[in-house]
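So this block is upload.pdb, PDB, C-alpha atoms and all ligand atoms:
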ATOM      1  CA  MET O 568     106.571 -20.492 220.517
ATOM      2  CA  ALA O 569     109.506 -20.892 218.172
ATOM      3  CA  GLY O 570     106.884 -21.577 215.433
ATOM      4  CA  PRO O 571     107.514 -20.043 212.025
ATOM      5  CA  THR O 572     110.917 -18.717 213.075
ATOM      6  CA  LEU O 573     112.138 -22.260 213.591
ATOM      7  CA  ALA O 574     111.384 -23.237 209.994
ATOM      8  CA  ARG O 575     112.684 -20.067 208.461
ATOM      9  CA  ARG O 576     115.965 -20.163 210.340
ATOM     10  CA  HIS O 577     116.609 -23.752 209.370
ATOM     11  CA  LEU O 578     115.611 -23.373 205.752
ATOM     12  CA  GLU O 579     117.837 -20.354 205.434
ATOM     13  CA  SER O 580     120.762 -21.991 207.137
ATOM     14  CA  ARG O 581     120.566 -25.413 205.527
ATOM     15  CA  ARG O 582     123.543 -26.325 203.408
ATOM     16  CA  LEU O 583     122.804 -28.279 200.256
ATOM     17  CA  THR O 584     125.951 -30.355 199.895
ATOM     18  CA  ARG O 585     126.733 -32.921 197.221
ATOM     19  CA  SER O 586     126.456 -35.748 199.689
ATOM     20  CA  HIS O 587     123.146 -34.452 200.880
ATOM     21  CA  ALA O 588     119.946 -36.057 199.696
ATOM     22  CA  PHE O 589     118.448 -32.813 198.474
ATOM     23  CA  ARG O 590     118.841 -30.982 195.196
ATOM     24  CA  ARG O 591     117.126 -27.897 193.933
ATOM     25  CA  ALA O 592     115.305 -28.671 190.672
ATOM     26  CA  ARG O 593     115.555 -25.121 189.396
ATOM     27  CA  PRO O 594     116.057 -21.756 191.089
ATOM     28  CA  ASN O 595     113.133 -20.714 193.279
ATOM     29  CA  SER O 596     111.156 -23.826 192.427
ATOM     30  CA  ALA O 597     111.310 -26.950 194.564
ATOM     31  CA  ILE O 598     113.790 -29.081 196.473
ATOM     32  CA  VAL O 599     113.459 -32.742 195.537
ATOM     33  CA  CYS O 600     115.083 -35.891 196.829
ATOM     34  CA  CYS O 601     117.913 -37.201 194.577
ATOM     35  CA  ARG O 602     116.978 -40.817 195.247
ATOM     36  CA  THR O 603     113.189 -40.780 195.176
ATOM     37  CA  GLY O 604     112.271 -37.608 193.288
ATOM     38  CA  ILE O 605     109.899 -36.714 196.111
ATOM     39  CA  VAL O 606     109.225 -32.998 196.473
ATOM     40  CA  LEU O 607     110.564 -31.982 199.862
ATOM     41  CA  GLU O 608     109.994 -28.277 199.807
ATOM     42  CA  ARG O 609     108.017 -25.991 197.494
ATOM     43  CA  LYS O 610     109.416 -22.621 196.594
ATOM     44  CA  ASP O 611     107.110 -22.055 193.652
ATOM     45  CA  ARG O 612     103.917 -21.347 195.559
ATOM     46  CA  PRO O 613     102.756 -19.402 198.585
ATOM     47  CA  PRO O 614     102.165 -21.376 201.791
ATOM     48  CA  THR O 615      98.725 -22.786 202.506
ATOM     49  CA  PRO O 616      96.757 -20.148 204.499
ATOM     50  CA  PRO O 617      96.528 -20.980 208.241
ATOM     51  CA  ASP O 618      92.695 -21.023 208.314
ATOM     52  CA  ILE O 619      92.651 -23.552 205.450
ATOM     53  CA  LYS O 620      95.260 -25.662 207.253
ATOM     54  CA  LEU O 621      93.174 -25.743 210.423
ATOM     55  CA  LEU O 622      90.005 -26.602 208.507
ATOM     56  CA  LEU O 623      91.738 -29.484 206.698
ATOM     57  CA  ARG O 624      93.305 -30.803 209.901
ATOM     58  CA  ARG O 625      89.981 -30.689 211.742
ATOM     59  CA  GLU O 626      88.085 -32.510 209.003
ATOM     60  CA  ALA O 627      90.816 -35.177 208.911
ATOM     61  CA  GLY O 628      90.904 -35.755 212.679
ATOM     62  CA  PHE O 629      94.306 -34.060 212.966
ATOM     63  CA  GLY O 630      96.209 -36.629 210.938
ATOM     64  CA  CYS O 631      96.821 -38.172 207.544
ATOM     65  CA  CYS O 632      93.484 -38.912 205.818
ATOM     66  CA  ARG O 633      94.829 -42.280 204.656
ATOM     67  CA  CYS O 634      96.782 -43.635 207.659
ATOM     68  CA  GLY O 635      96.111 -41.246 210.576
ATOM     69  CA  PHE O 636      99.776 -40.346 211.262
ATOM     70  CA  PRO O 637      99.878 -36.985 213.089
ATOM     71  CA  PHE O 638     102.751 -35.384 211.095
ATOM     72  CA  ILE O 639     101.154 -34.189 207.884
ATOM     73  CA  GLN O 640     101.491 -32.157 204.709
ATOM     74  CA  TYR O 641      98.827 -30.337 202.697
ATOM     75  CA  HIS O 642      98.070 -32.076 199.431
ATOM     76  CA  HIS O 643      96.377 -30.538 196.402
ATOM     77  CA  ILE O 644      93.987 -33.091 194.886
ATOM     78  CA  ILE O 645      93.638 -30.676 191.968
ATOM     79  CA  GLU O 646      97.330 -30.020 191.403
ATOM     80  CA  TYR O 647      98.513 -26.498 192.139
ATOM     81  CA  SER O 648     100.493 -26.597 188.899
ATOM     82  CA  ASP O 649      97.198 -27.173 187.029
ATOM     83  CA  GLU O 650      95.279 -24.493 188.917
ATOM     84  CA  GLN O 651      96.556 -22.079 191.551
ATOM     85  CA  HIS O 652      94.125 -22.593 194.405
ATOM     86  CA  PHE O 653      93.760 -23.309 198.113
ATOM     87  CA  ARG O 654      90.189 -24.640 197.911
ATOM     88  CA  PRO O 655      89.672 -26.883 200.916
ATOM     89  CA  GLU O 656      87.305 -29.149 198.963
ATOM     90  CA  ASP O 657      90.190 -29.923 196.570
ATOM     91  CA  MET O 658      92.872 -30.318 199.253
ATOM     92  CA  MET O 659      93.541 -32.839 202.015
ATOM     93  CA  THR O 660      96.044 -33.774 204.711
ATOM     94  CA  LEU O 661      98.464 -36.621 204.014
ATOM     95  CA  CYS O 662     101.558 -37.793 205.874
ATOM     96  CA  PRO O 663     104.788 -37.494 203.815
ATOM     97  CA  ASN O 664     104.763 -41.195 202.880
ATOM     98  CA  CYS O 665     101.137 -41.173 201.692
ATOM     99  CA  HIS O 666     101.768 -37.771 200.062
ATOM    100  CA  SER O 667     104.630 -39.228 198.024
ATOM    101  CA  ILE O 668     102.364 -42.100 196.906
ATOM    102  CA  ALA O 669      99.777 -39.529 195.758
ATOM    103  CA  THR O 670     102.243 -37.224 194.010
ATOM    104  CA  MET O 671     103.916 -40.140 192.213
ATOM    105  CA  GLY O 672     100.538 -41.086 190.713
ATOM    106  CA  ALA O 673     100.019 -44.293 192.699
ATOM    107  CA  MET O 674      96.867 -43.020 194.439
ATOM    108  CA  PRO O 675      94.124 -42.155 191.911
ATOM    109  CA  GLU O 676      92.011 -39.053 192.462
ATOM    110  CA  ALA O 677      88.952 -41.162 193.315
ATOM    111  CA  ALA O 678      90.917 -42.894 196.094
ATOM    112  CA  GLN O 679      92.208 -39.554 197.394
ATOM    113  CA  ARG O 680      88.664 -38.181 197.562
ATOM    114  CA  GLU O 681      87.474 -41.333 199.336
ATOM    115  CA  TYR O 682      90.202 -40.922 201.993
ATOM    116  CA  LYS O 683      89.243 -37.244 202.332
ATOM    117  CA  ARG O 684      85.533 -38.139 202.742
ATOM    118  CA  HIS O 685      86.282 -40.844 205.303
ATOM    119  CA  PRO O 686      89.583 -40.004 207.030
ATOM    120  CA  ARG O 687      91.110 -42.827 209.026
ATOM    121  CA  ASN O 688      91.112 -40.988 212.365
ATOM    122  CA  ILE O 689      87.430 -40.114 212.008
ATOM    123  CA  ARG O 690      86.560 -43.703 211.037
ATOM    124  CA  ARG O 691      88.463 -44.986 214.063
ATOM    125  CA  ARG O 692      86.778 -42.406 216.332
ATOM    126  CA  PHE O 693      89.952 -40.409 216.936
ATOM    127  CA  ALA O 694      88.362 -37.187 215.715
ATOM    128  CA  GLU O 695      90.498 -35.171 218.156
ATOM    129  CA  GLY O 696      93.668 -36.695 216.745
ATOM    130  CA  MET O 697      96.215 -39.276 217.821
ATOM    131  CA  LEU O 698      98.111 -36.733 219.922
ATOM    132  CA  HIS O 699      95.162 -35.278 221.805
ATOM    133  CA  VAL O 700      95.920 -35.010 225.545
ATOM    134  CA  ASP O 701      93.706 -34.369 228.564
ATOM    135  CA  GLN O 702      95.998 -32.117 230.606
ATOM    136  CA  ASP O 703      95.881 -28.315 230.259
ATOM    137  CA  TYR O 704      99.655 -27.846 230.113
ATOM    138  CA  CYS O 705     102.762 -29.457 228.610
ATOM    139  CA  ALA O 706     105.112 -31.294 230.930
ATOM    140  CA  ILE O 707     107.935 -33.595 229.859
ATOM    141  CA  SER O 708     110.405 -35.763 231.771
ATOM    142  CA  ILE O 709     114.064 -35.361 230.885
ATOM    143  CA  GLY O 710     116.428 -37.283 233.102
ATOM    144  CA  ASP O 711     115.117 -36.974 236.644
ATOM    145  CA  ASN O 712     113.826 -33.470 235.916
ATOM    146  CA  GLN O 713     110.530 -32.172 234.614
ATOM    147  CA  PHE O 714     110.057 -29.321 232.160
ATOM    148  CA  VAL O 715     106.749 -27.450 232.260
ATOM    149  CA  GLY O 716     105.924 -24.854 229.624
ATOM    150  CA  ASP O 717     104.966 -24.295 226.036
ATOM    151  CA  GLY O 718     107.610 -23.732 223.409
ATOM    152  CA  SER O 719     111.231 -24.684 223.015
ATOM    153  CA  PHE O 720     112.826 -27.121 225.459
ATOM    154  CA  VAL O 721     116.214 -27.528 223.764
ATOM    155  CA  GLN O 722     118.196 -24.963 221.795
ATOM    156  CA  VAL O 723     121.654 -24.864 220.255
ATOM    157  CA  ASP O 724     123.111 -21.521 219.150
ATOM    158  CA  GLY O 725     119.693 -19.906 219.428
ATOM    159  CA  GLN O 726     117.964 -22.495 217.227
ATOM    160  CA  SER O 727     115.190 -24.566 218.739
ATOM    161  CA  LEU O 728     115.647 -28.301 218.148
ATOM    162  CA  LEU O 729     112.599 -29.479 220.071
ATOM    163  CA  ALA O 730     109.458 -27.582 221.033
ATOM    164  CA  LEU O 731     106.010 -28.585 222.220
ATOM    165  CA  HIS O 732     102.787 -26.640 222.053
ATOM    166  CA  LEU O 733      99.280 -27.466 223.205
ATOM    167  CA  SER O 734      96.731 -26.244 220.646
ATOM    168  CA  ASP O 735      93.326 -24.776 221.497
ATOM    169  CA  GLU O 736      91.868 -28.189 220.587
ATOM    170  CA  GLY O 737      94.116 -29.943 223.120
ATOM    171  CA  GLU O 738      96.354 -31.415 220.433
ATOM    172  CA  LEU O 739     100.007 -31.795 221.241
ATOM    173  CA  GLU O 740     101.956 -30.043 218.498
ATOM    174  CA  ILE O 741     105.606 -30.942 218.021
ATOM    175  CA  SER O 742     108.281 -28.864 216.348
ATOM    176  CA  LEU O 743     111.475 -30.765 215.686
ATOM    177  CA  ALA O 744     114.701 -30.125 213.776
ATOM    178  CA  LEU O 745     116.808 -33.254 213.238
ATOM    179  CA  HIS O 746     120.335 -32.921 211.874
ATOM    180  CA  ASP O 747     123.042 -35.471 211.246
ATOM    181  CA  GLN O 748     126.522 -35.224 212.755
ATOM    182  CA  ASN O 749     127.686 -33.168 209.746
ATOM    183  CA  ASP O 750     124.996 -30.581 210.424
ATOM    184  CA  ASN O 751     122.827 -31.518 207.430
ATOM    185  CA  LEU O 752     119.152 -31.017 208.136
ATOM    186  CA  LEU O 753     117.404 -34.391 207.886
ATOM    187  CA  LEU O 754     113.944 -33.478 209.002
ATOM    188  CA  LEU O 755     112.030 -30.376 209.968
ATOM    189  CA  ILE O 756     108.617 -30.596 211.578
ATOM    190  CA  GLU O 757     106.767 -27.506 212.659
ATOM    191  CA  ASN O 758     103.625 -27.824 214.762
ATOM    192  CA  ASN O 759     103.045 -31.345 213.368
ATOM    193  CA  GLU O 760     103.519 -30.188 209.768
ATOM    194  CA  TRP O 761     106.272 -32.135 207.993
ATOM    195  CA  ILE O 762     107.988 -29.139 206.390
ATOM    196  CA  THR O 763     111.154 -30.632 204.930
ATOM    197  CA  GLY O 764     112.774 -34.026 204.870
ATOM    198  CA  ASP O 765     112.753 -37.172 202.778
ATOM    199  CA  PRO O 766     110.332 -39.600 204.478
ATOM    200  CA  SER O 767     111.839 -42.712 202.858
ATOM    201  CA  PRO O 768     114.739 -43.303 205.324
ATOM    202  CA  TRP O 769     112.426 -43.279 208.334
ATOM    203  CA  ASP O 770     110.716 -46.144 210.083
ATOM    204  CA  ILE O 771     107.605 -44.681 211.598
ATOM    205  CA  GLU O 772     105.550 -46.282 214.326
ATOM    206  CA  PHE O 773     102.536 -44.699 215.959
ATOM    207  CA  LYS O 774      99.451 -45.366 217.978
ATOM    208  CA  TYR O 775      97.196 -43.297 220.221
ATOM    209  CA  ARG O 776      99.367 -40.729 222.058
ATOM    210  CA  TYR O 777     102.571 -42.478 220.991
ATOM    211  CA  LEU O 778     104.972 -42.180 218.083
ATOM    212  CA  LYS O 779     108.469 -43.244 217.183
ATOM    213  CA  LEU O 780     110.767 -42.164 214.361
ATOM    214  CA  ARG O 781     113.808 -44.264 213.668
ATOM    215  CA  ARG O 782     116.313 -43.942 210.862
ATOM    216  CA  ARG O 783     116.474 -47.364 209.291
ATOM    217  CA  ARG O 784     118.956 -49.658 211.024
ATOM    218  CA  ARG O 785     119.887 -46.814 213.342
ATOM    219  CA  ASP O 786     118.928 -45.535 216.743
ATOM    220  CA  ILE O 787     115.677 -43.847 217.647
ATOM    221  CA  ALA O 788     115.680 -40.190 216.598
ATOM    222  CA  LEU O 789     112.439 -39.350 218.384
ATOM    223  CA  GLU O 790     110.113 -41.278 220.639
ATOM    224  CA  LEU O 791     107.205 -39.526 222.285
ATOM    225  CA  ASP O 792     104.889 -41.190 224.773
ATOM    226  CA  ALA O 793     102.002 -38.977 225.865
ATOM    227  CA  ARG O 794     100.014 -41.793 227.453
ATOM    228  CA  GLN O 795     101.086 -40.500 230.835
ATOM    229  CA  ASN O 796     101.829 -37.136 232.360
ATOM    230  CA  PRO O 797     104.576 -35.930 232.269
ATOM    231  CA  ILE O 798     105.104 -36.876 228.640
ATOM    232  CA  GLU O 799     108.137 -39.091 228.076
ATOM    233  CA  ILE O 800     110.460 -38.112 225.248
ATOM    234  CA  ARG O 801     113.524 -39.786 223.808
ATOM    235  CA  ALA O 802     115.464 -37.846 221.214
ATOM    236  CA  ASP O 803     118.927 -37.883 219.692
ATOM    237  CA  LEU O 804     119.620 -34.334 218.545
ATOM    238  CA  TRP O 805     122.643 -32.883 216.742
ATOM    239  CA  LYS O 806     123.540 -29.318 215.850
ATOM    240  CA  SER O 807     126.892 -27.642 215.206
ATOM    241  CA  GLY O 808     128.870 -30.632 216.488
ATOM    242  CA  GLN O 809     126.801 -30.789 219.639
ATOM    243  CA  ASN O 810     124.916 -33.944 220.558
ATOM    244  CA  ILE O 811     122.039 -33.929 223.028
ATOM    245  CA  LYS O 812     120.413 -37.167 224.091
ATOM    246  CA  LEU O 813     117.111 -36.809 225.885
ATOM    247  CA  GLY O 814     115.285 -39.559 227.703
ATOM    248  CA  PRO O 815     113.098 -40.078 230.746
ATOM    249  CA  ARG O 816     116.193 -41.290 232.580
ATOM    250  CA  GLU O 817     118.933 -39.318 230.872
ATOM    251  CA  LEU O 818     120.069 -35.939 229.715
ATOM    252  CA  LEU O 819     123.425 -36.493 228.029
ATOM    253  CA  ILE O 820     125.349 -33.683 226.419
ATOM    254  CA  ASN O 821     128.405 -34.514 224.324
ATOM    255  CA  GLY O 822     130.456 -32.702 221.733
ATOM    256  CA  VAL O 823     131.554 -29.087 221.956
ATOM    257  CA  VAL O 824     130.034 -28.895 225.433
ATOM    258  CA  ASN O 825     130.031 -32.028 227.584
ATOM    259  CA  GLU O 826     129.579 -30.807 231.130
ATOM    260  CA  PHE O 827     126.047 -30.243 232.288
ATOM    261  CA  ARG O 828     124.324 -31.587 235.354
ATOM    262  CA  MET O 829     120.883 -30.966 236.733
ATOM    263  CA  HIS O 830     118.878 -33.189 239.065
ATOM    264  CA  HIS O 831     115.461 -33.384 240.739
ATOM    265  CA  LEU O 832     114.197 -30.045 239.460
ATOM    266  CA  CYS O 833     111.042 -28.835 237.801
ATOM    267  CA  LEU O 834     111.807 -26.087 235.303
ATOM    268  CA  VAL O 835     108.901 -23.825 234.457
ATOM    269  CA  ALA O 836     109.085 -21.781 231.233
ATOM    270  CA  MET O 837     112.782 -22.624 230.816
ATOM    271  CA  SER O 838     114.885 -24.504 228.284
ATOM    272  CA  VAL O 839     118.320 -26.084 228.004
ATOM    273  CA  SER O 840     120.377 -23.762 225.837
ATOM    274  CA  ILE O 841     123.831 -24.502 224.439
ATOM    275  CA  ASP O 842     126.191 -21.971 222.912
ATOM    276  CA  THR O 843     128.886 -23.784 220.899
ATOM    277  CA  GLU O 844     130.990 -20.630 220.434
ATOM    278  CA  LEU O 845     131.143 -19.814 224.132
ATOM    279  CA  GLU O 846     131.148 -23.570 224.894
ATOM    280  CA  ILE O 847     128.536 -23.280 227.623
ATOM    281  CA  ALA O 848     125.251 -24.964 228.480
ATOM    282  CA  GLN O 849     122.753 -23.155 230.589
ATOM    283  CA  ILE O 850     119.124 -22.969 231.606
ATOM    284  CA  GLN O 851     117.446 -20.099 229.849
ATOM    285  CA  PRO O 852     114.034 -18.524 230.552
ATOM    286  CA  ASP O 853     111.320 -18.368 227.915
ATOM    287  CA  PRO O 854     111.838 -14.886 226.386
ATOM    288  CA  ARG O 855     108.065 -14.293 226.301
ATOM    289  CA  PHE O 856     108.024 -14.180 230.091
ATOM    290  CA  GLY O 857     111.477 -12.776 230.821
ATOM    291  CA  SER O 858     111.983 -15.145 233.723
ATOM    292  CA  GLY O 859     111.334 -18.769 234.549
ATOM    293  CA  ILE O 860     110.800 -20.657 237.785
ATOM    294  CA  LEU O 861     112.909 -23.451 239.261
ATOM    295  CA  ILE O 862     111.177 -25.771 241.696
ATOM    296  CA  SER O 863     113.136 -28.139 243.877
ATOM    297  CA  TRP O 864     110.976 -30.654 245.727
ATOM    298  CA  PRO O 865     111.781 -34.268 246.608
ATOM    299  CA  ASP O 866     108.378 -35.768 245.799
ATOM    300  CA  VAL O 867     107.854 -35.862 241.993
ATOM    301  CA  PRO O 868     104.002 -35.604 241.881
ATOM    302  CA  GLU O 869     104.065 -32.650 244.291
ATOM    303  CA  ARG O 870     106.956 -31.048 242.363
ATOM    304  CA  LEU O 871     104.957 -31.366 239.157
ATOM    305  CA  ARG O 872     101.780 -30.006 240.756
ATOM    306  CA  ARG O 873     103.708 -26.950 241.947
ATOM    307  CA  GLY O 874     105.230 -26.612 238.486
ATOM    308  CA  ARG O 875     101.801 -26.641 236.840
ATOM    309  CA  ASP O 876     100.435 -24.037 239.276
ATOM    310  CA  ALA O 877     103.483 -21.822 238.712
ATOM    311  CA  TRP O 878     103.096 -22.161 234.927
ATOM    312  CA  LEU O 879      99.410 -21.246 234.922
ATOM    313  CA  GLN O 880     100.113 -18.262 237.193
ATOM    314  CA  LEU O 881     102.953 -17.130 234.945
ATOM    315  CA  LYS O 882     100.692 -17.283 231.887
ATOM    316  CA  SER O 883      97.850 -15.531 233.616
ATOM    317  CA  ARG O 884     100.166 -12.713 234.869
ATOM    318  CA  SER O 885     101.607 -12.216 231.396
ATOM    319  CA  GLY O 886      98.158 -12.103 229.795
ATOM    320  CA  THR O 887      98.855 -15.174 227.643
ATOM    321  CA  SER O 888      95.710 -17.287 227.489
ATOM    322  CA  PRO O 889      96.207 -20.760 229.019
TER     323      PRO O 889
HETATM  324 ZN    ZN E   1      99.661 -41.456 205.773
END
Spell out the structure here as structure tokens.
Ligand SMILES: [Zn+2]
Amino acid sequence: MAGPTLARRHLESRRLTRSHAFRRARPNSAIVCCRTGIVLERKDRPPTPPDIKLLLRREAGFGCCRCGFPFIQYHHIIEYSDEQHFRPEDMMTLCPNCHSIATMGAMPEAAQREYKRHPRNIRRRFAEGMLHVDQDYCAISIGDNQFVGDGSFVQVDGQSLLALHLSDEGELEISLALHDQNDNLLLLIENNEWITGDPSPWDIEFKYRYLKLRRRRRDIALELDARQNPIEIRADLWKSGQNIKLGPRELLINGVVNEFRMHHLCLVAMSVSIDTELEIAQIQPDPRFGSGILISWPDVPERLRRGRDAWLQLKSRSGTSP
């Protein structure tokens, strides 16, 4: 899984230009949005411990306590600046929009605690989260191909732009790095945690096993539909002058590299990888396994079934728990 490496690489490599919507308030403190003042990234505190994160996500039904959206942040009800703590009873999960309402003082503490006591997903009987799936593996349709695996599906210059992971609880976890054409990082999500990115320019739509992110008045940046298997994904990804459009009926590559064709295949533990210096696109195996498997079969359900079997065998041989 690209996991923490994905965030670190992007945070290290991000350029904070004048035209960019981010500014650093003071060295080693926080990055805030120039327009809204919303804190986008904290540098002045250690990260929330993973066991506390899991506890908070479980109690909230794997979403925002207030609205249920699956991409969340960890909010201190008792402000960290007032008291340095990671007490779960004084923390909660909120999506970036609800988090900005809370941090700007428009959600009183009593209301925050009420949302924490009665999270929306729990009230609506989605205790396993809005992105909980029944299948025991990740499979997505891209063009007329299927990708089966767990981890990065698209990389540019060694950086993962889109990765999927199935948690032990059966929750689909998405890691996504969205850049604009000038290579500014717009949004970074890591395993459903909204790490960096101003939420205000985004129109967000979601329901059970479905979500859509659209930049206002612009095209869809990410659409994920997990109501069927394979999962359907639409995404418009940019990195280093390279554009990659993913959809259930298209895989379009334009920019530095614009020649790449692949049809009627199931790729197991493999990703599309583009190198903008060498100007090549290729299929690359998941480094955890050293090799991937290509399955060519005319009938899609049978191709997918063979892909799933190959994936589970690969995991079992490598000692990685399914
Ligand atoms: Zn929310």
Evaluate the PyMOL selection byres (((not hetatm)) within 9 of (chain E and resi 1)) and record the selected residues as a PyMOL selection string, following the chain and residue labels used in the document. chain O and resi 630-639+660-666
Please determine, counting all atoms listed in the file, which residue among O:Leu845, O:Met658, O:Ile850, O:Cys833 has the shortest atom-to-atom distance to O:Asp866. O:Cys833
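Taking atom CA of O:Glu817 and atom CA of O:Ile800 as endpoints, the distance between them is 10.2 Å.
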Could you list, as number ranges by chain, every residue matched by the PyMOL selection byres (((chain O and resi 644) around 8) and not hetatm) in this structure? O: 642-643, 645-646, 657-659, 676, 679-680
Given the selection you just returned, output its residues as a file containing C-alpha atoms, formatted as a PDB file, in the frame of the given file.
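Written out: part36.pdb:
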ATOM      1  CA  HIS O 642      98.070 -32.076 199.431  1.00  0.00           C
ATOM      2  CA  HIS O 643      96.377 -30.538 196.402  1.00  0.00           C
ATOM      3  CA  ILE O 645      93.638 -30.676 191.968  1.00  0.00           C
ATOM      4  CA  GLU O 646      97.330 -30.020 191.403  1.00  0.00           C
ATOM      5  CA  ASP O 657      90.190 -29.923 196.570  1.00  0.00           C
ATOM      6  CA  MET O 658      92.872 -30.318 199.253  1.00  0.00           C
ATOM      7  CA  MET O 659      93.541 -32.839 202.015  1.00  0.00           C
ATOM      8  CA  GLU O 676      92.011 -39.053 192.462  1.00  0.00           C
ATOM      9  CA  GLN O 679      92.208 -39.554 197.394  1.00  0.00           C
ATOM     10  CA  ARG O 680      88.664 -38.181 197.562  1.00  0.00           C
TER      11      ARG O 680
END
Quick check on the file I pasted: which residues fall under the PyMOL selection byres (((chain O and resi 733) around 12) and not hetatm)? Write them as a VMD selection string. chain O and resid 568 698 to 706 715 to 718 730 to 732 734 to 742 758 to 759 888 to 889
Which of these residues is nearest to O:Leu621, using only C-alpha atoms: O:Asn712, O:Leu819, O:Leu881, O:Glu760?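 Looking only at the distances to O:Leu621, the closest residue turns out to be O:Glu760.
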Taking every listed atom of stretch 787-791 of chain O and adding 4 Å to each side, what centre and edge lengths in Å (one decimal) does the axis-aligned box have, as JSON?
{"center_x": 111.4, "center_y": -41.6, "center_z": 219.4, "size_x": 16.5, "size_y": 12.5, "size_z": 13.7}
Could you jot down the atom CA of O:Ala627 to atom CA of O:Thr670 separation for me, Å, one decimal place? 18.9 Å
Mind listing as a PyMOL selection string all residues within 12 Å of (120.6, -36.1, 220.6), counting only C-alpha atoms? chain O and resi 721-723+728-729+743-748+786-790+800-814+817-822
Could those residues be written to a file, using C-alpha atoms, as a PDB file, keeping the file's coordinate frame?
ATOM      1  CA  VAL O 721     116.214 -27.528 223.764  1.00  0.00           C
ATOM      2  CA  GLN O 722     118.196 -24.963 221.795  1.00  0.00           C
ATOM      3  CA  VAL O 723     121.654 -24.864 220.255  1.00  0.00           C
ATOM      4  CA  LEU O 728     115.647 -28.301 218.148  1.00  0.00           C
ATOM      5  CA  LEU O 729     112.599 -29.479 220.071  1.00  0.00           C
ATOM      6  CA  LEU O 743     111.475 -30.765 215.686  1.00  0.00           C
ATOM      7  CA  ALA O 744     114.701 -30.125 213.776  1.00  0.00           C
ATOM      8  CA  LEU O 745     116.808 -33.254 213.238  1.00  0.00           C
ATOM      9  CA  HIS O 746     120.335 -32.921 211.874  1.00  0.00           C
ATOM     10  CA  ASP O 747     123.042 -35.471 211.246  1.00  0.00           C
ATOM     11  CA  GLN O 748     126.522 -35.224 212.755  1.00  0.00           C
ATOM     12  CA  ASP O 786     118.928 -45.535 216.743  1.00  0.00           C
ATOM     13  CA  ILE O 787     115.677 -43.847 217.647  1.00  0.00           C
ATOM     14  CA  ALA O 788     115.680 -40.190 216.598  1.00  0.00           C
ATOM     15  CA  LEU O 789     112.439 -39.350 218.384  1.00  0.00           C
ATOM     16  CA  GLU O 790     110.113 -41.278 220.639  1.00  0.00           C
ATOM     17  CA  ILE O 800     110.460 -38.112 225.248  1.00  0.00           C
ATOM     18  CA  ARG O 801     113.524 -39.786 223.808  1.00  0.00           C
ATOM     19  CA  ALA O 802     115.464 -37.846 221.214  1.00  0.00           C
ATOM     20  CA  ASP O 803     118.927 -37.883 219.692  1.00  0.00           C
ATOM     21  CA  LEU O 804     119.620 -34.334 218.545  1.00  0.00           C
ATOM     22  CA  TRP O 805     122.643 -32.883 216.742  1.00  0.00           C
ATOM     23  CA  LYS O 806     123.540 -29.318 215.850  1.00  0.00           C
ATOM     24  CA  SER O 807     126.892 -27.642 215.206  1.00  0.00           C
ATOM     25  CA  GLY O 808     128.870 -30.632 216.488  1.00  0.00           C
ATOM     26  CA  GLN O 809     126.801 -30.789 219.639  1.00  0.00           C
ATOM     27  CA  ASN O 810     124.916 -33.944 220.558  1.00  0.00           C
ATOM     28  CA  ILE O 811     122.039 -33.929 223.028  1.00  0.00           C
ATOM     29  CA  LYS O 812     120.413 -37.167 224.091  1.00  0.00           C
ATOM     30  CA  LEU O 813     117.111 -36.809 225.885  1.00  0.00           C
ATOM     31  CA  GLY O 814     115.285 -39.559 227.703  1.00  0.00           C
ATOM     32  CA  GLU O 817     118.933 -39.318 230.872  1.00  0.00           C
ATOM     33  CA  LEU O 818     120.069 -35.939 229.715  1.00  0.00           C
ATOM     34  CA  LEU O 819     123.425 -36.493 228.029  1.00  0.00           C
ATOM     35  CA  ILE O 820     125.349 -33.683 226.419  1.00  0.00           C
ATOM     36  CA  ASN O 821     128.405 -34.514 224.324  1.00  0.00           C
ATOM     37  CA  GLY O 822     130.456 -32.702 221.733  1.00  0.00           C
TER      38      GLY O 822
END
As a list in words, please: the residues near O:Pro768 (cut-off 9 Å, only C-alpha atoms, same-chain neighbours under 4 positions excluded).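 My reading of the contact set: Arg781, Arg782 and Arg783 of chain O.
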